Amino acid sequence: MIFLKRKRMFWVCMAFLLSSVFVHAQAVPDQSNFTINQVWALADSNNKKMQMQGLNVQGADAHVKVSKAERLPEIAAEGLYAHVFPLPIYENGLFHTPSQFPVAPTYYKAGADAYFNIYNGGKTTTEINASKVESELSRIQKSQNKQEIHYTAAVYFYDVFRNISYRVLLEQDIRDREKQLAEINQLYKNGTILKSDVLRAELRLSKQKMLLTEIENSISIAKHKLNILIGRADDAPLNPQISDQETDAIALKQVNEYFNDAKTSSYKIQISEKEQALAKLKLKNVKSNIMPSLGFFGEYTFAYPQIQFYPYALSLYSNGMVGLKLKIPISSWYTNQHKVKEAEIKVHQQEVEDEDVKDHIRQEVQENYIRYKESVQRITLAEENIKQAAESYRIVQNTYFNQLSLLTDLLDAETQLLQSRFELTTAKVNAKMQYYQLQKAVGNL
């Protein structure tokens, strides 16, 4: 009796453990299934280019602190210890024996000095402002690089999706063609058709299988590229998860609204504006070269022996001074003119480049806007083509097996139907990528 109770308890515990393991296995998500947003999140955290851009931002922020540190006073300490050789005096000329003047053989000196800039033509302030603009520019470049990586990841992601869709369609087509080949073989055995029909059907089937191999290779290559881009193992499994709604047509705003969005959101425009600001700050810095500089200085020194002032003394002495130091760069008044002219040309060049960038962005937005609407029309056309190709295939298939049409007509109808299905998948993916291009041009990807 006790044995039976223990046995019953053992099986109850085993059932509980197995159910817990099964529930846990169901709770753990499939690590190979990814949506486009999950792919972008992995790219943001693992992509090497993103990491390099992050380091660039850190370096630019550190440079701002370096520029601000220029406002602090310069303080230095120095020390000197030396052995002094005897001082020969050639009273009767260089070729006669000199007399030796007694000197202290030991000399040492310790001191400190400081300089605090009061005014230098605004150079320090300009350098600080320039470093801040460079820091902002590095952040914009990081965002732009992030957007480019998002677009590249989307290209690879939808490339995998498109080829997987091709594979599904082609595998189904191969199964249908194998069944059809069996029927054709039966007709040949019955003496209804010629051997050439069988050979043509077999040839088409072998071509389809070769195409399937090419599609499998394309899937493998696209997955490999995407895994490297998002920082995963090269051969890690990856299955795109795309709902039917994701490939539906998206209602666009008016094109002028996208133009207005691009003016404030386009990273290319923001980068151009920051580079223009840097050129103006450089011009301001060059113009300040002719300005005087004024600073407060101070120094204090202990030395032995006292040989700086007469009469000399073999004893420790100290000396210090404080005051203002003024420097007027007179030569800059005539050498700085060409530098100013060069900097002014750079500013004008940057202004023209800024206008060119804005023109290019408007053209890019306009083109992608029109192309997206065109790609949506292609989806509608592809859906209609599938209906027509399916009906054509149904008619030709019936007429062929009733000996009213040729095999070449049937093969053409099959090819057209499969091609129409491929074109629908291609049209949906191209429309999505065209929409991403529009968002990238605006700066919202």
# chains A, B, ... in the order shown; residues from 1 in each chain; ligands from 1

call {"tool": "residues_around", "arguments": {"residues": "region 34-41 of chain A", "least_positions_apart": "5", "cutoff": "6 Å", "atoms": "only C-alpha atoms", "output": "PDB file with all heavy atoms, in the first residue's frame"}}
result
ATOM      1  N   HIS A 150      19.161  52.047 -40.645  1.00  0.00           N
ATOM      2  CA  HIS A 150      17.780  51.564 -40.631  1.00  0.00           C
ATOM      3  C   HIS A 150      17.313  51.228 -42.043  1.00  0.00           C
ATOM      4  O   HIS A 150      16.673  50.193 -42.266  1.00  0.00           O
ATOM      5  CB  HIS A 150      16.866  52.627 -40.020  1.00  0.00           C
ATOM      6  CG  HIS A 150      16.873  52.642 -38.531  1.00  0.00           C
ATOM      7  ND1 HIS A 150      15.969  53.350 -37.780  1.00  0.00           N
ATOM      8  CD2 HIS A 150      17.698  52.030 -37.635  1.00  0.00           C
ATOM      9  CE1 HIS A 150      16.220  53.181 -36.495  1.00  0.00           C
ATOM     10  NE2 HIS A 150      17.273  52.386 -36.394  1.00  0.00           N
ATOM     11  N   PRO A 240      11.781  36.859 -41.036  1.00  0.00           N
ATOM     12  CA  PRO A 240      11.045  38.130 -40.998  1.00  0.00           C
ATOM     13  C   PRO A 240       9.569  37.908 -40.672  1.00  0.00           C
ATOM     14  O   PRO A 240       8.924  37.023 -41.235  1.00  0.00           O
ATOM     15  CB  PRO A 240      11.222  38.689 -42.412  1.00  0.00           C
ATOM     16  CG  PRO A 240      12.376  37.944 -42.989  1.00  0.00           C
ATOM     17  CD  PRO A 240      12.363  36.602 -42.358  1.00  0.00           C
ATOM     18  N   GLN A 241       9.071  38.689 -39.746  1.00  0.00           N
ATOM     19  CA  GLN A 241       7.654  38.645 -39.379  1.00  0.00           C
ATOM     20  C   GLN A 241       6.985  39.914 -39.909  1.00  0.00           C
ATOM     21  O   GLN A 241       7.171  41.000 -39.370  1.00  0.00           O
ATOM     22  CB  GLN A 241       7.501  38.550 -37.866  1.00  0.00           C
ATOM     23  CG  GLN A 241       8.144  37.315 -37.254  1.00  0.00           C
ATOM     24  CD  GLN A 241       7.533  36.023 -37.774  1.00  0.00           C
ATOM     25  OE1 GLN A 241       6.340  35.784 -37.619  1.00  0.00           O
ATOM     26  NE2 GLN A 241       8.356  35.191 -38.411  1.00  0.00           N
TER      27      GLN A 241
END

call {"tool": "residues_around", "arguments": {"residues": "region 329-335 of chain A", "least_positions_apart": "4", "cutoff": "12 Å", "atoms": "only C-alpha atoms", "output": "JSON list (two decimals) with N, CA and C atoms, in the first residue's frame"}}
result
[["chain", "number", "residue", "atom", "x", "y", "z"],
["A", 120, "ASN", "N", 41.31, 88.51, -25.38],
["A", 120, "ASN", "CA", 42.12, 88.10, -26.53],
["A", 120, "ASN", "C", 41.34, 88.21, -27.83],
["A", 121, "GLY", "N", 40.48, 89.21, -27.90],
["A", 121, "GLY", "CA", 39.71, 89.43, -29.12],
["A", 121, "GLY", "C", 38.52, 88.48, -29.28],
["A", 286, "VAL", "N", 39.15, 84.38, -37.41],
["A", 286, "VAL", "CA", 40.23, 84.95, -38.22],
["A", 286, "VAL", "C", 40.26, 86.47, -38.08],
["A", 287, "LYS", "N", 39.08, 87.10, -38.08],
["A", 287, "LYS", "CA", 39.02, 88.55, -37.94],
["A", 287, "LYS", "C", 39.59, 89.03, -36.61],
["A", 288, "SER", "N", 39.51, 88.19, -35.58],
["A", 288, "SER", "CA", 40.00, 88.59, -34.25],
["A", 288, "SER", "C", 41.52, 88.50, -34.15],
["A", 289, "ASN", "N", 42.20, 88.06, -35.22],
["A", 289, "ASN", "CA", 43.66, 87.96, -35.17],
["A", 289, "ASN", "C", 44.33, 89.33, -35.00],
["A", 290, "ILE", "N", 43.65, 90.40, -35.42],
["A", 290, "ILE", "CA", 44.26, 91.74, -35.32],
["A", 290, "ILE", "C", 43.97, 92.40, -33.98],
["A", 291, "MET", "N", 43.18, 91.73, -33.13],
["A", 291, "MET", "CA", 42.82, 92.33, -31.84],
["A", 291, "MET", "C", 43.94, 92.13, -30.83],
["A", 292, "PRO", "N", 44.15, 93.11, -29.94],
["A", 292, "PRO", "CA", 45.18, 92.95, -28.90],
["A", 292, "PRO", "C", 44.75, 91.93, -27.87],
["A", 293, "SER", "N", 45.71, 91.42, -27.14],
["A", 293, "SER", "CA", 45.43, 90.49, -26.04],
["A", 293, "SER", "C", 45.96, 91.10, -24.75],
["A", 294, "LEU", "N", 45.20, 90.92, -23.69],
["A", 294, "LEU", "CA", 45.54, 91.48, -22.38],
["A", 294, "LEU", "C", 45.34, 90.41, -21.34],
["A", 339, "LYS", "N", 43.78, 86.05, -45.10],
["A", 339, "LYS", "CA", 43.11, 85.02, -44.32],
["A", 339, "LYS", "C", 41.61, 85.32, -44.17],
["A", 340, "VAL", "N", 41.30, 86.60, -43.95],
["A", 340, "VAL", "CA", 39.90, 87.00, -43.85],
["A", 340, "VAL", "C", 39.18, 86.77, -45.17],
["A", 341, "LYS", "N", 39.84, 87.12, -46.27],
["A", 341, "LYS", "CA", 39.23, 86.92, -47.59],
["A", 341, "LYS", "C", 38.97, 85.45, -47.85]]

call {"tool": "residues_around", "arguments": {"residues": "region 174-186 of chain A", "least_positions_apart": "3", "cutoff": "10 Å", "atoms": "only C-alpha atoms", "output": "PyMOL selection string"}}
result
chain A and resi 168-171+189-195+197-202+204-209+212+397+401+407+411+414

call {"tool": "residues_around", "arguments": {"residues": "region 369-385 of chain A", "least_positions_apart": "4", "cutoff": "12 Å", "atoms": "only C-alpha atoms", "output": "MDAnalysis selection string"}}
result
chainID A and resid 247:259 361:365 389:393 416:442

call {"tool": "residues_around", "arguments": {"residues": "region 314-316 of chain A", "least_positions_apart": "6", "cutoff": "9 Å", "atoms": "only C-alpha atoms", "output": "list in words"}}
result
Val103, Ala104, Phe302, Ala303, Tyr304, Pro305, Gln306 and Ile307 of chain A

call {"tool": "select_by_dssp", "arguments": {"residues": "region 32-186 of chain A", "states": "strand (DSSP E or B)", "output": "number ranges by chain"}}
result
A: 33-34, 74-83, 87-89, 99-101, 106-119

call {"tool": "atom_distance", "arguments": {"atom1": "CA of Val347 (chain A)", "atom2": "CA of Glu275 (chain A)"}}
result
9.2 Å

call {"tool": "closest_residue", "arguments": {"among": "A:Gly79, A:Gly111, A:Asn92, A:Glu134", "to": "Gly320 (chain A)", "atoms": "only C-alpha atoms"}}
result
A:Gly111

call {"tool": "residues_around", "arguments": {"residues": "Glu127 (chain A)", "least_positions_apart": "2", "cutoff": "12 Å", "atoms": "only C-alpha atoms", "output": "count of residues only"}}
result
30

call {"tool": "select_by_dssp", "arguments": {"residues": "region 96-286 of chain A", "states": "helix (DSSP H, G or I)", "output": "PyMOL selection string"}}
result
chain A and resi 123-189+195-229+244-247+255-265+267-286

call {"tool": "residues_around", "arguments": {"residues": "Ala76 (chain A)", "least_positions_apart": "4", "cutoff": "10 Å", "atoms": "only C-alpha atoms", "output": "JSON, numbers by chain"}}
result
{"A": [111, 112, 113, 114, 115, 299]}

call {"tool": "closest_residue", "arguments": {"among": "A:Asp159, A:Asp359, A:Asp244, A:Asp261", "to": "Leu226 (chain A)", "atoms": "only C-alpha atoms"}}
result
A:Asp159

call {"tool": "closest_residue", "arguments": {"among": "A:Ile128, A:Ala343, A:Ile75, A:Leu55", "to": "Phe297 (chain A)", "atoms": "only C-alpha atoms"}}
result
A:Ile75

call {"tool": "atom_distance", "arguments": {"atom1": "CA of Lys274 (chain A)", "atom2": "CA of Lys146 (chain A)"}}
result
18.4 Å
